[in-house]
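One structure is given below, encoded as structure tokens.
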Amino acid sequence: MDGLPVYKGTFNLNAARTISTDRVRPGGDTGLNLTGTNTFFGLWDEGAVRTTHLEFGGRVVRMDAETNIHFHATGVAGTLAASGLFTVQGQQGTNILFITNAMRGMAYQAPVGSWGFNNDAAEMRGAVVTNAIELSNHSYGLSSGWQPLTTNLWRWWGSPFINPNQDPKFGQYNSVTREFDSITYDNPFYLTVWAAGNDQYEGPTNQPVPHITWGIVSNQLVEVLVTNVVRALDGDAGGFDTMSPQASAKNVLTVGAVFPISSAYTNVSQVVLAPFSSCGPTDDGRIKPDVVADGVQLITTDSDADNDVNIRSGTSFAAPSVTGSLNLLRQRFEQLHPEAPPLRASTWKALVIHTSDEAGPHPGPDYRFGWGLMNTRGAALLLGHNATNGWKAFIKEVRLDPAAVIEFPVVAAGGTNELRITHAWTDAPGVAESLGTLDSPALKLVNDLDLRVIAPSGATNFPWVLDPVTRTNAATRADNTRNNVEQVVITNAVANGVYIIRITHKGSPTNNLPQWDSIILSGIIPQPKPTLRITDFAVTGTNTLMMSWDAVVGQNYQVQYRDNVEGPGWTDIGGVVNAARTNVSVTLPYDAQQPHRFFQVIEVP
């Protein structure tokens, strides 16, 4: 567009290419043509979005009374959902390029609700009820460690009374962290996506420098200017332990930043961590970030005018790449299953993790890249396979009852197809640490589910685990007692071999309530769906009977009855049954005085 300045950067367009989101949009090789149309999602950020920006076309709406238009919120909204109207002049080497759709956001036709972050937790709970929100982006966190205020002035947000060199908030599970776990636990179909933070090695390299921190003056805690104190840069050796408290929550999806990939991902060496991107582990040793996306020099919308653009870097702009792409996946799911209830937050999280591309120096997860680089195309294709080939063969939401077991067989494709199983669950909130607690190793996992995969030989395959002490070590395979995401990968699975997936629970779940588990599979051969028929039926007491049928694990069923073969209609008896095994048995009430009664079992969403 005439009058726009020249910028050298990677555009929202390259952010989409980095995680293959461009391949599910119009013109992409999948033919899915996803744009986010009619899939509302949310944005909480500093200040208000400039909703009148030409790139938003009236689709971004302020949902609260925030009036302070802010560049950060506007830029994040652009990565989420800018239309891509502008043709922007850019540069590649010595070549001047005119790039169409340069600022196109991930879900570029989606409606977005914008809130300021000052009252985020309460507003999020309200939005679930009022706006039926299922997905939102959060590119902010508690101020921690070093922060530049001006060219020559810094702020250090730690407490010199606890530790003069390390801010205890990094990786901490405090009351703020717990609250965001609680929001998803209370609203299990609502996923929040959080930026990991930009604190790896943050701080002044030449010290001492003037900086503001906390001090005691006249027995009161106040901000003071310090000029002669040297403090360590943020993070432990290697830049680890720099995760913000919100991003450290168990039930959120946390995103780190990498450099852009200008074409399709082909190998792990393409994925280079941004030098500022915050790293795990959390204080209790959990894997964070969960995934990574492009967060370096994105050209996106800015707030000074309705045609303003600017260059932005940070995990703040990696996170909306993931959130906007997730919104496209929501659109795809709704196309495939227009009558189905929404997927659980844990299912979306497991799907993104399961289909991510390998990143980092070793196979499996690590504390810098998490589970890898998001692959929107892979996630979208798996949604399609699950709908057309497998009758829930690839994606399952299963209720694990107290003292029960989830167990089912799969047939491995073998060959070059690795057998991969990922499961995730929305865990009950853990016990919060006080803000002054430094690096508490107390585990925050409440409901500890265990994934095991039994090979045809009888050997047991364990999930990936990381060592929170020696953080650069490659992931190994063992009992995972820290994370509410687990993954088993078998690279040399026996072709046509039958593997048993088994998920159990240590101890008793919270309040002895069922725990829902989201299971994602790949590298399997879907098997024919069993005929839905009653296989066993017996009176087991004066007022009870037992009924069994062959089932698809993860499918919901309803038993119905009527007292006359001619009708009228069928009446539900008992509650909805979610199959945790391939054969289901239920106990139902029985009226011995009833001369005859007819039963059937049906599938329900």
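Chain lettering (A, B, ...) mirrors the order of the structure tokens, residue numbering begins at 1 for each chain separately, and ligand numbering begins at 1 in order of display.
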Just the residues within 7 Å of Asp234 (chain A), please, counting only C-alpha atoms, with nothing from its chain fewer than 3 positions along; format it as a list in words.
->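 Residues near the query, excluding close chain neighbours: Gly145, Trp146, Asp199, Gln200, Tyr201, Glu202, Gly203 and Thr242 of chain A.
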Store the residues of this selection in a file with all heavy atoms, as a PDB file, in the first residue's frame.
```
ATOM      1  N   GLY A 145      12.630 -11.039  37.319  1.00  0.00           N
ATOM      2  CA  GLY A 145      14.024 -10.825  36.973  1.00  0.00           C
ATOM      3  C   GLY A 145      14.296  -9.421  36.463  1.00  0.00           C
ATOM      4  O   GLY A 145      13.691  -8.439  36.904  1.00  0.00           O
ATOM      5  N   TRP A 146      15.211  -9.318  35.505  1.00  0.00           N
ATOM      6  CA  TRP A 146      15.609  -8.023  34.942  1.00  0.00           C
ATOM      7  C   TRP A 146      14.608  -7.531  33.899  1.00  0.00           C
ATOM      8  O   TRP A 146      14.064  -8.321  33.131  1.00  0.00           O
ATOM      9  CB  TRP A 146      16.969  -8.137  34.284  1.00  0.00           C
ATOM     10  CG  TRP A 146      18.141  -8.243  35.203  1.00  0.00           C
ATOM     11  CD1 TRP A 146      18.862  -9.363  35.497  1.00  0.00           C
ATOM     12  CD2 TRP A 146      18.761  -7.171  35.921  1.00  0.00           C
ATOM     13  NE1 TRP A 146      19.888  -9.074  36.370  1.00  0.00           N
ATOM     14  CE2 TRP A 146      19.849  -7.713  36.649  1.00  0.00           C
ATOM     15  CE3 TRP A 146      18.498  -5.803  36.048  1.00  0.00           C
ATOM     16  CZ2 TRP A 146      20.668  -6.963  37.465  1.00  0.00           C
ATOM     17  CZ3 TRP A 146      19.314  -5.041  36.863  1.00  0.00           C
ATOM     18  CH2 TRP A 146      20.391  -5.605  37.562  1.00  0.00           C
ATOM     19  N   ASP A 199      13.027 -14.134  29.024  1.00  0.00           N
ATOM     20  CA  ASP A 199      13.959 -13.839  30.110  1.00  0.00           C
ATOM     21  C   ASP A 199      15.259 -14.637  30.081  1.00  0.00           C
ATOM     22  O   ASP A 199      16.053 -14.511  31.013  1.00  0.00           O
ATOM     23  CB  ASP A 199      13.255 -14.074  31.450  1.00  0.00           C
ATOM     24  CG  ASP A 199      12.194 -13.027  31.729  1.00  0.00           C
ATOM     25  OD1 ASP A 199      12.562 -11.856  31.878  1.00  0.00           O
ATOM     26  OD2 ASP A 199      11.005 -13.380  31.775  1.00  0.00           O
ATOM     27  N   GLN A 200      15.485 -15.424  29.064  1.00  0.00           N
ATOM     28  CA  GLN A 200      16.736 -16.176  29.019  1.00  0.00           C
ATOM     29  C   GLN A 200      17.917 -15.213  28.918  1.00  0.00           C
ATOM     30  O   GLN A 200      18.034 -14.442  27.964  1.00  0.00           O
ATOM     31  CB  GLN A 200      16.747 -17.141  27.825  1.00  0.00           C
ATOM     32  CG  GLN A 200      17.971 -18.019  27.808  1.00  0.00           C
ATOM     33  CD  GLN A 200      18.052 -18.943  26.602  1.00  0.00           C
ATOM     34  OE1 GLN A 200      19.060 -19.599  26.408  1.00  0.00           O
ATOM     35  NE2 GLN A 200      17.012 -18.981  25.787  1.00  0.00           N
ATOM     36  N   TYR A 201      18.778 -15.204  29.924  1.00  0.00           N
ATOM     37  CA  TYR A 201      19.956 -14.322  29.998  1.00  0.00           C
ATOM     38  C   TYR A 201      19.594 -12.839  29.928  1.00  0.00           C
ATOM     39  O   TYR A 201      20.417 -12.012  29.527  1.00  0.00           O
ATOM     40  CB  TYR A 201      20.949 -14.658  28.884  1.00  0.00           C
ATOM     41  CG  TYR A 201      21.599 -16.000  29.031  1.00  0.00           C
ATOM     42  CD1 TYR A 201      21.640 -16.894  27.965  1.00  0.00           C
ATOM     43  CD2 TYR A 201      22.173 -16.403  30.231  1.00  0.00           C
ATOM     44  CE1 TYR A 201      22.240 -18.143  28.087  1.00  0.00           C
ATOM     45  CE2 TYR A 201      22.776 -17.644  30.370  1.00  0.00           C
ATOM     46  CZ  TYR A 201      22.805 -18.501  29.300  1.00  0.00           C
ATOM     47  OH  TYR A 201      23.389 -19.733  29.425  1.00  0.00           O
ATOM     48  N   GLU A 202      18.387 -12.475  30.336  1.00  0.00           N
ATOM     49  CA  GLU A 202      17.997 -11.063  30.354  1.00  0.00           C
ATOM     50  C   GLU A 202      18.797 -10.330  31.426  1.00  0.00           C
ATOM     51  O   GLU A 202      19.044 -10.858  32.514  1.00  0.00           O
ATOM     52  CB  GLU A 202      16.506 -10.959  30.670  1.00  0.00           C
ATOM     53  CG  GLU A 202      15.973  -9.537  30.797  1.00  0.00           C
ATOM     54  CD  GLU A 202      15.519  -8.958  29.471  1.00  0.00           C
ATOM     55  OE1 GLU A 202      14.410  -9.267  29.033  1.00  0.00           O
ATOM     56  OE2 GLU A 202      16.302  -8.184  28.887  1.00  0.00           O
ATOM     57  N   GLY A 203      19.204  -9.092  31.125  1.00  0.00           N
ATOM     58  CA  GLY A 203      19.890  -8.278  32.103  1.00  0.00           C
ATOM     59  C   GLY A 203      21.036  -7.496  31.500  1.00  0.00           C
ATOM     60  O   GLY A 203      21.456  -7.752  30.370  1.00  0.00           O
ATOM     61  N   THR A 242      13.721 -20.043  33.567  1.00  0.00           N
ATOM     62  CA  THR A 242      13.323 -18.663  33.279  1.00  0.00           C
ATOM     63  C   THR A 242      11.850 -18.576  32.879  1.00  0.00           C
ATOM     64  O   THR A 242      11.432 -17.613  32.257  1.00  0.00           O
ATOM     65  CB  THR A 242      14.202 -18.058  32.176  1.00  0.00           C
ATOM     66  OG1 THR A 242      14.355 -18.998  31.100  1.00  0.00           O
ATOM     67  CG2 THR A 242      15.574 -17.685  32.699  1.00  0.00           C
TER      68      THR A 242
END
```
What's the 6 Å shell around region 274-279 of chain A, counting only C-alpha atoms, without same-chain residues fewer than 6 positions away, as a PyMOL selection string?
-> chain A and resi 196-200+240-243+256-259+367-368
To one decimal in Å, tell me the separation between CA of Ala442 (chain A) and CA of Trp194 (chain A).
->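 These atoms are spaced 23.0 Å apart.
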When distances are computed from only C-alpha atoms, which of A:Leu80, A:Val226, A:Leu298, A:Ala247 shows the smallest separation from Leu153 (chain A)?
->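 Answer, going by the shortest atom-to-atom distance: A:Val226.
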For each of A:Gln207, A:Gln515, A:Ser218, A:Ser457, take the minimum atom-to-atom distance to Val230 (chain A), counting only C-alpha atoms, then give the residue where this is smallest.
-> A:Gln207
Test item: residues at most 8 Å from region 488-503 of chain A, only C-alpha atoms, excluding those fewer than 2 positions along its chain, as a VMD selection string | chain A and resid 405 to 422 449 to 456 461 to 464 486 505 525
Using only C-alpha atoms, tabulate the residues of region 541-580 of chain A lying at most 12 Å from any atom of region 376-390 of chain A, each with its closest atom pair and that distance in Å to one decimal, by chain and increasing residue number, as a tab-separated table.
```
residue	atom	partner	partner_atom	distance
A:Val552	CA	A:Gly390	CA	9.8
A:Val553	CA	A:Gly390	CA	11.3
A:Gly554	CA	A:Gly390	CA	11.8
A:Gln555	CA	A:Gly390	CA	11.7
```
Can those selected residues be exported to a file as a JSON list (two decimals), in the first residue's frame so that it contains N, CA and C atoms?
```json
[["chain", "number", "residue", "atom", "x", "y", "z"],
["A", 552, "VAL", "N", -16.02, -49.31, 21.17],
["A", 552, "VAL", "CA", -14.87, -48.54, 20.73],
["A", 552, "VAL", "C", -14.42, -47.69, 21.91],
["A", 553, "VAL", "N", -13.18, -47.83, 22.34],
["A", 553, "VAL", "CA", -12.69, -47.07, 23.47],
["A", 553, "VAL", "C", -12.76, -45.58, 23.17],
["A", 554, "GLY", "N", -13.33, -44.84, 24.09],
["A", 554, "GLY", "CA", -13.53, -43.40, 23.92],
["A", 554, "GLY", "C", -14.90, -43.04, 23.40],
["A", 555, "GLN", "N", -15.67, -44.02, 22.91],
["A", 555, "GLN", "CA", -17.02, -43.75, 22.43],
["A", 555, "GLN", "C", -18.00, -43.69, 23.60]]
```
Between A:Ile311, A:Val193, A:Ala319, A:Val255, which one has atoms that come closest to Trp348 (chain A), using only C-alpha atoms?
->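 That would be A:Val193, the residue with the smallest distance to Trp348 (chain A).
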Choose the residue, out of A:Val539, A:Val559, A:Leu351, A:Leu253, that has the smallest atom-to-atom separation from Thr192 (chain A); count only C-alpha atoms.
-> A:Leu253
Identify, on the basis of only C-alpha atoms, every residue whose closest approach to region 105-121 of chain A does not exceed 7 Å; exclude the query and any residue fewer than 2 positions from it along the same chain; express the result as a PyMOL selection string.
-> chain A and resi 12+16+21+35-49+59-64+66+78-84+103+123-125+321+324-325+327-328
Per DSSP on the backbone, what are the strand (DSSP E or B) residues of region 118-340 of chain A, as a ChimeraX atom specification?
-> /A:135-138,146-150,153-156,191-195,211-217,220-226,253-258,273,291-294,298-301,309-312
Closest of A:Ser303, A:Asn174, A:Thr184, A:Gln246 to Leu54 (chain A), counting only C-alpha atoms, is A:Ser303
If you run DSSP on this backbone, which residues of region 149-280 of chain A come out as helix (DSSP H, G or I), and could you give them as a list in words?
->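 Selecting the helix (DSSP H, G or I) positions of region 149-280 of chain A gives Ser175, Val176, Thr177, Arg178, Glu179, Phe180, Asp181, Ser182, Ile183, Thr184, Tyr185, Asp186, Ala237, Gly238, Gly239, Gln246, Ala247, Ser248, Val268, Ser269 and Gln270 of chain A.
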Could the residues in this selection be written to a file with N, CA and C atoms, as a PDB file, in the first residue's frame?
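Once everything was written out, this is result.pdb:
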```pdb
ATOM      1  N   SER A 175       0.280 -18.766  43.698  1.00  0.00           N
ATOM      2  CA  SER A 175      -1.183 -18.636  43.684  1.00  0.00           C
ATOM      3  C   SER A 175      -1.702 -18.201  42.316  1.00  0.00           C
ATOM      4  N   VAL A 176      -0.913 -17.420  41.580  1.00  0.00           N
ATOM      5  CA  VAL A 176      -1.313 -17.021  40.225  1.00  0.00           C
ATOM      6  C   VAL A 176      -1.309 -18.235  39.301  1.00  0.00           C
ATOM      7  N   THR A 177      -0.236 -19.027  39.368  1.00  0.00           N
ATOM      8  CA  THR A 177      -0.151 -20.249  38.564  1.00  0.00           C
ATOM      9  C   THR A 177      -1.340 -21.154  38.861  1.00  0.00           C
ATOM     10  N   ARG A 178      -1.602 -21.339  40.132  1.00  0.00           N
ATOM     11  CA  ARG A 178      -2.696 -22.221  40.547  1.00  0.00           C
ATOM     12  C   ARG A 178      -4.035 -21.737  40.015  1.00  0.00           C
ATOM     13  N   GLU A 179      -4.245 -20.433  40.001  1.00  0.00           N
ATOM     14  CA  GLU A 179      -5.524 -19.900  39.534  1.00  0.00           C
ATOM     15  C   GLU A 179      -5.777 -20.259  38.078  1.00  0.00           C
ATOM     16  N   PHE A 180      -4.740 -20.188  37.241  1.00  0.00           N
ATOM     17  CA  PHE A 180      -4.960 -20.507  35.834  1.00  0.00           C
ATOM     18  C   PHE A 180      -5.103 -22.006  35.606  1.00  0.00           C
ATOM     19  N   ASP A 181      -4.504 -22.822  36.456  1.00  0.00           N
ATOM     20  CA  ASP A 181      -4.830 -24.252  36.425  1.00  0.00           C
ATOM     21  C   ASP A 181      -6.284 -24.476  36.832  1.00  0.00           C
ATOM     22  N   SER A 182      -6.730 -23.721  37.829  1.00  0.00           N
ATOM     23  CA  SER A 182      -8.105 -23.871  38.312  1.00  0.00           C
ATOM     24  C   SER A 182      -9.121 -23.499  37.250  1.00  0.00           C
ATOM     25  N   ILE A 183      -8.817 -22.464  36.469  1.00  0.00           N
ATOM     26  CA  ILE A 183      -9.763 -22.014  35.447  1.00  0.00           C
ATOM     27  C   ILE A 183     -10.051 -23.139  34.460  1.00  0.00           C
ATOM     28  N   THR A 184      -9.004 -23.817  33.988  1.00  0.00           N
ATOM     29  CA  THR A 184      -9.236 -24.913  33.047  1.00  0.00           C
ATOM     30  C   THR A 184      -9.824 -26.127  33.742  1.00  0.00           C
ATOM     31  N   TYR A 185      -9.409 -26.404  34.975  1.00  0.00           N
ATOM     32  CA  TYR A 185      -9.970 -27.544  35.712  1.00  0.00           C
ATOM     33  C   TYR A 185     -11.477 -27.360  35.910  1.00  0.00           C
ATOM     34  N   ASP A 186     -11.892 -26.127  36.184  1.00  0.00           N
ATOM     35  CA  ASP A 186     -13.313 -25.833  36.362  1.00  0.00           C
ATOM     36  C   ASP A 186     -14.060 -25.736  35.035  1.00  0.00           C
ATOM     37  N   ALA A 237      22.558 -21.636  34.814  1.00  0.00           N
ATOM     38  CA  ALA A 237      23.515 -21.940  33.757  1.00  0.00           C
ATOM     39  C   ALA A 237      22.779 -22.556  32.572  1.00  0.00           C
ATOM     40  N   GLY A 238      23.073 -22.034  31.385  1.00  0.00           N
ATOM     41  CA  GLY A 238      22.388 -22.500  30.195  1.00  0.00           C
ATOM     42  C   GLY A 238      21.084 -21.781  29.911  1.00  0.00           C
ATOM     43  N   GLY A 239      20.733 -20.792  30.748  1.00  0.00           N
ATOM     44  CA  GLY A 239      19.490 -20.053  30.533  1.00  0.00           C
ATOM     45  C   GLY A 239      18.248 -20.762  31.023  1.00  0.00           C
ATOM     46  N   GLN A 246       2.732 -17.797  35.165  1.00  0.00           N
ATOM     47  CA  GLN A 246       1.545 -18.210  34.409  1.00  0.00           C
ATOM     48  C   GLN A 246       1.879 -19.305  33.413  1.00  0.00           C
ATOM     49  N   ALA A 247       3.018 -19.147  32.726  1.00  0.00           N
ATOM     50  CA  ALA A 247       3.427 -20.131  31.730  1.00  0.00           C
ATOM     51  C   ALA A 247       3.827 -21.458  32.363  1.00  0.00           C
ATOM     52  N   SER A 248       4.024 -21.473  33.678  1.00  0.00           N
ATOM     53  CA  SER A 248       4.410 -22.690  34.389  1.00  0.00           C
ATOM     54  C   SER A 248       3.217 -23.535  34.810  1.00  0.00           C
ATOM     55  N   VAL A 268      15.569 -31.344  11.834  1.00  0.00           N
ATOM     56  CA  VAL A 268      15.649 -30.715  13.141  1.00  0.00           C
ATOM     57  C   VAL A 268      16.595 -29.524  13.155  1.00  0.00           C
ATOM     58  N   SER A 269      17.593 -29.498  12.274  1.00  0.00           N
ATOM     59  CA  SER A 269      18.575 -28.410  12.299  1.00  0.00           C
ATOM     60  C   SER A 269      17.964 -27.073  11.904  1.00  0.00           C
ATOM     61  N   GLN A 270      16.795 -27.086  11.278  1.00  0.00           N
ATOM     62  CA  GLN A 270      16.134 -25.833  10.896  1.00  0.00           C
ATOM     63  C   GLN A 270      15.564 -25.083  12.089  1.00  0.00           C
TER      64      GLN A 270
END
```
Fewer than 4 positions away in the same chain doesn't count, so skip those; otherwise give me all residues within 12 Å of Tyr173 (chain A), counting only C-alpha atoms, as a JSON list (two decimals) with N, CA, C and O atoms, in the first residue's frame.
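Written out: selection02.json:
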```
[["chain", "number", "residue", "atom", "x", "y", "z"],
["A", 168, "PRO", "N", 12.69, -15.57, 42.66],
["A", 168, "PRO", "CA", 12.03, -16.86, 42.93],
["A", 168, "PRO", "C", 10.81, -17.13, 42.07],
["A", 168, "PRO", "O", 10.35, -18.27, 41.99],
["A", 169, "LYS", "N", 10.27, -16.10, 41.39],
["A", 169, "LYS", "CA", 9.07, -16.32, 40.58],
["A", 169, "LYS", "C", 9.34, -17.18, 39.36],
["A", 169, "LYS", "O", 8.42, -17.78, 38.80],
["A", 177, "THR", "N", -0.24, -19.03, 39.37],
["A", 177, "THR", "CA", -0.15, -20.25, 38.56],
["A", 177, "THR", "C", -1.34, -21.15, 38.86],
["A", 177, "THR", "O", -1.99, -21.68, 37.94],
["A", 178, "ARG", "N", -1.60, -21.34, 40.13],
["A", 178, "ARG", "CA", -2.70, -22.22, 40.55],
["A", 178, "ARG", "C", -4.04, -21.74, 40.01],
["A", 178, "ARG", "O", -4.89, -22.54, 39.62],
["A", 179, "GLU", "N", -4.25, -20.43, 40.00],
["A", 179, "GLU", "CA", -5.52, -19.90, 39.53],
["A", 179, "GLU", "C", -5.78, -20.26, 38.08],
["A", 179, "GLU", "O", -6.90, -20.62, 37.69],
["A", 180, "PHE", "N", -4.74, -20.19, 37.24],
["A", 180, "PHE", "CA", -4.96, -20.51, 35.83],
["A", 180, "PHE", "C", -5.10, -22.01, 35.61],
["A", 180, "PHE", "O", -5.78, -22.42, 34.65],
["A", 181, "ASP", "N", -4.50, -22.82, 36.46],
["A", 181, "ASP", "CA", -4.83, -24.25, 36.43],
["A", 181, "ASP", "C", -6.28, -24.48, 36.83],
["A", 181, "ASP", "O", -6.98, -25.31, 36.25],
["A", 243, "MET", "N", 11.06, -19.57, 33.23],
["A", 243, "MET", "CA", 9.66, -19.61, 32.84],
["A", 243, "MET", "C", 8.83, -18.73, 33.77],
["A", 243, "MET", "O", 9.01, -18.75, 34.99],
["A", 244, "SER", "N", 7.89, -17.96, 33.20],
["A", 244, "SER", "CA", 7.04, -17.11, 34.02],
["A", 244, "SER", "C", 6.05, -17.97, 34.80],
["A", 244, "SER", "O", 5.74, -19.10, 34.41],
["A", 245, "PRO", "N", 5.51, -17.46, 35.92],
["A", 245, "PRO", "CA", 4.58, -18.27, 36.72],
["A", 245, "PRO", "C", 3.34, -18.71, 35.95],
["A", 245, "PRO", "O", 2.90, -19.86, 36.08],
["A", 246, "GLN", "N", 2.73, -17.80, 35.16],
["A", 246, "GLN", "CA", 1.54, -18.21, 34.41],
["A", 246, "GLN", "C", 1.88, -19.30, 33.41],
["A", 246, "GLN", "O", 1.15, -20.29, 33.25],
["A", 247, "ALA", "N", 3.02, -19.15, 32.73],
["A", 247, "ALA", "CA", 3.43, -20.13, 31.73],
["A", 247, "ALA", "C", 3.83, -21.46, 32.36],
["A", 247, "ALA", "O", 3.95, -22.47, 31.66],
["A", 248, "SER", "N", 4.02, -21.47, 33.68],
["A", 248, "SER", "CA", 4.41, -22.69, 34.39],
["A", 248, "SER", "C", 3.22, -23.53, 34.81],
["A", 248, "SER", "O", 3.40, -24.60, 35.41],
["A", 249, "ALA", "N", 2.00, -23.09, 34.51],
["A", 249, "ALA", "CA", 0.82, -23.86, 34.90],
["A", 249, "ALA", "C", 0.76, -25.18, 34.15],
["A", 249, "ALA", "O", 1.24, -25.31, 33.02],
["A", 250, "LYS", "N", 0.13, -26.17, 34.77],
["A", 250, "LYS", "CA", 0.06, -27.52, 34.19],
["A", 250, "LYS", "C", -0.91, -27.61, 33.03],
["A", 250, "LYS", "O", -0.66, -28.33, 32.05],
["A", 281, "PRO", "N", 13.38, -26.08, 33.34],
["A", 281, "PRO", "CA", 12.14, -26.67, 33.84],
["A", 281, "PRO", "C", 11.42, -25.77, 34.81],
["A", 281, "PRO", "O", 11.97, -24.76, 35.27],
["A", 282, "THR", "N", 10.18, -26.13, 35.14],
["A", 282, "THR", "CA", 9.54, -25.49, 36.28],
["A", 282, "THR", "C", 10.27, -25.95, 37.55],
["A", 282, "THR", "O", 11.07, -26.89, 37.52],
["A", 283, "ASP", "N", 9.99, -25.31, 38.66],
["A", 283, "ASP", "CA", 10.70, -25.65, 39.89],
["A", 283, "ASP", "C", 10.52, -27.12, 40.29],
["A", 283, "ASP", "O", 11.41, -27.72, 40.89],
["A", 284, "ASP", "N", 9.36, -27.69, 39.94],
["A", 284, "ASP", "CA", 9.13, -29.10, 40.28],
["A", 284, "ASP", "C", 9.54, -30.03, 39.14],
["A", 284, "ASP", "O", 9.24, -31.23, 39.19],
["A", 285, "GLY", "N", 10.23, -29.50, 38.12],
["A", 285, "GLY", "CA", 10.84, -30.35, 37.10],
["A", 285, "GLY", "C", 9.97, -30.66, 35.90],
["A", 285, "GLY", "O", 10.34, -31.51, 35.08],
["A", 286, "ARG", "N", 8.82, -29.98, 35.74],
["A", 286, "ARG", "CA", 7.96, -30.27, 34.60],
["A", 286, "ARG", "C", 8.52, -29.68, 33.30],
["A", 286, "ARG", "O", 9.30, -28.73, 33.31],
["A", 429, "PRO", "N", -5.72, -28.49, 40.50],
["A", 429, "PRO", "CA", -4.69, -27.52, 40.90],
["A", 429, "PRO", "C", -3.81, -28.06, 42.02],
["A", 429, "PRO", "O", -4.28, -28.77, 42.92],
["A", 430, "GLY", "N", -2.54, -27.75, 41.95],
["A", 430, "GLY", "CA", -1.60, -28.17, 42.98],
["A", 430, "GLY", "C", -1.55, -27.18, 44.14],
["A", 430, "GLY", "O", -2.23, -26.15, 44.14],
["A", 431, "VAL", "N", -0.73, -27.48, 45.11],
["A", 431, "VAL", "CA", -0.55, -26.61, 46.27],
["A", 431, "VAL", "C", 0.37, -25.46, 45.88],
["A", 431, "VAL", "O", 1.48, -25.68, 45.38],
["A", 432, "ALA", "N", -0.07, -24.23, 46.10],
["A", 432, "ALA", "CA", 0.70, -23.06, 45.70],
["A", 432, "ALA", "C", 1.83, -22.78, 46.68],
["A", 432, "ALA", "O", 1.67, -22.93, 47.90],
["A", 433, "GLU", "N", 2.97, -22.36, 46.14],
["A", 433, "GLU", "CA", 4.09, -21.91, 46.96],
["A", 433, "GLU", "C", 3.94, -20.41, 47.23],
["A", 433, "GLU", "O", 3.35, -19.67, 46.43],
["A", 434, "SER", "N", 4.47, -19.95, 48.34],
["A", 434, "SER", "CA", 4.49, -18.51, 48.59],
["A", 434, "SER", "C", 5.47, -17.84, 47.64],
["A", 434, "SER", "O", 6.42, -18.47, 47.15],
["A", 435, "LEU", "N", 5.26, -16.56, 47.36],
["A", 435, "LEU", "CA", 6.10, -15.85, 46.40],
["A", 435, "LEU", "C", 7.56, -15.85, 46.83],
["A", 435, "LEU", "O", 8.45, -15.72, 45.99],
["A", 436, "GLY", "N", 7.83, -15.99, 48.11],
["A", 436, "GLY", "CA", 9.20, -15.96, 48.58],
["A", 436, "GLY", "C", 9.92, -17.30, 48.55],
["A", 436, "GLY", "O", 11.10, -17.38, 48.87],
["A", 437, "THR", "N", 9.23, -18.36, 48.13],
["A", 437, "THR", "CA", 9.85, -19.69, 48.10],
["A", 437, "THR", "C", 10.74, -19.82, 46.87],
["A", 437, "THR", "O", 10.28, -19.62, 45.75],
["A", 438, "LEU", "N", 11.97, -20.19, 47.07],
["A", 438, "LEU", "CA", 12.93, -20.28, 45.96],
["A", 438, "LEU", "C", 13.13, -21.74, 45.56],
["A", 438, "LEU", "O", 13.57, -22.57, 46.34],
["A", 439, "ASP", "N", 12.76, -22.04, 44.30],
["A", 439, "ASP", "CA", 13.06, -23.34, 43.67],
["A", 439, "ASP", "C", 12.58, -24.53, 44.50],
["A", 439, "ASP", "O", 13.32, -25.49, 44.73],
["A", 440, "SER", "N", 11.33, -24.49, 44.92],
["A", 440, "SER", "CA", 10.78, -25.64, 45.65],
["A", 440, "SER", "C", 10.61, -26.83, 44.71],
["A", 440, "SER", "O", 9.94, -26.71, 43.68],
["A", 441, "PRO", "N", 11.17, -28.00, 45.05],
["A", 441, "PRO", "CA", 11.03, -29.17, 44.19],
["A", 441, "PRO", "C", 9.74, -29.96, 44.43],
["A", 441, "PRO", "O", 9.54, -31.01, 43.81],
["A", 442, "ALA", "N", 8.87, -29.46, 45.32],
["A", 442, "ALA", "CA", 7.65, -30.20, 45.65],
["A", 442, "ALA", "C", 6.81, -30.42, 44.40],
["A", 442, "ALA", "O", 6.48, -29.48, 43.67],
["A", 443, "LEU", "N", 6.44, -31.66, 44.14],
["A", 443, "LEU", "CA", 5.70, -32.00, 42.93],
["A", 443, "LEU", "C", 4.31, -31.37, 42.95],
["A", 443, "LEU", "O", 3.64, -31.36, 43.99],
["A", 444, "LYS", "N", 3.88, -30.86, 41.80],
["A", 444, "LYS", "CA", 2.58, -30.21, 41.67],
["A", 444, "LYS", "C", 1.56, -31.07, 40.94],
["A", 444, "LYS", "O", 0.41, -30.68, 40.80],
["A", 445, "LEU", "N", 2.00, -32.23, 40.46],
["A", 445, "LEU", "CA", 1.07, -33.16, 39.84],
["A", 445, "LEU", "C", 0.18, -33.77, 40.92],
["A", 445, "LEU", "O", 0.67, -34.28, 41.92]]
```
Could you tell me how far CA of Pro365 (chain A) lies from CA of Asn483 (chain A), in Å and to one decimal?
->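 Computed distance, CA of Pro365 (chain A) to CA of Asn483 (chain A), equals 11.9 Å.
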Between A:Thr426, A:Val209, A:Ala102, A:Ala127, single out the one closest to Thr150 (chain A), counting only C-alpha atoms.
->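 Selected residue with least distance to Thr150 (chain A): A:Val209.
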Ala592 (chain A) environment, 10 Å, only C-alpha atoms, sequence neighbours closer than 5 positions dropped, as a PyMOL selection string = chain A and resi 539+541-544
Store the residues picked out above, limited to C-alpha atoms, as a compact mmCIF listing (two decimals), in the first residue's frame.
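Output (again.txt):
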```
# COMPACT_ATOMS: atom_id res chain seq x y z
CA VAL A 539 -30.03 -60.85 36.18
CA GLY A 541 -29.82 -59.59 41.91
CA THR A 542 -33.40 -59.04 42.93
CA ASN A 543 -33.26 -55.50 41.53
CA THR A 544 -30.24 -55.46 39.19
```
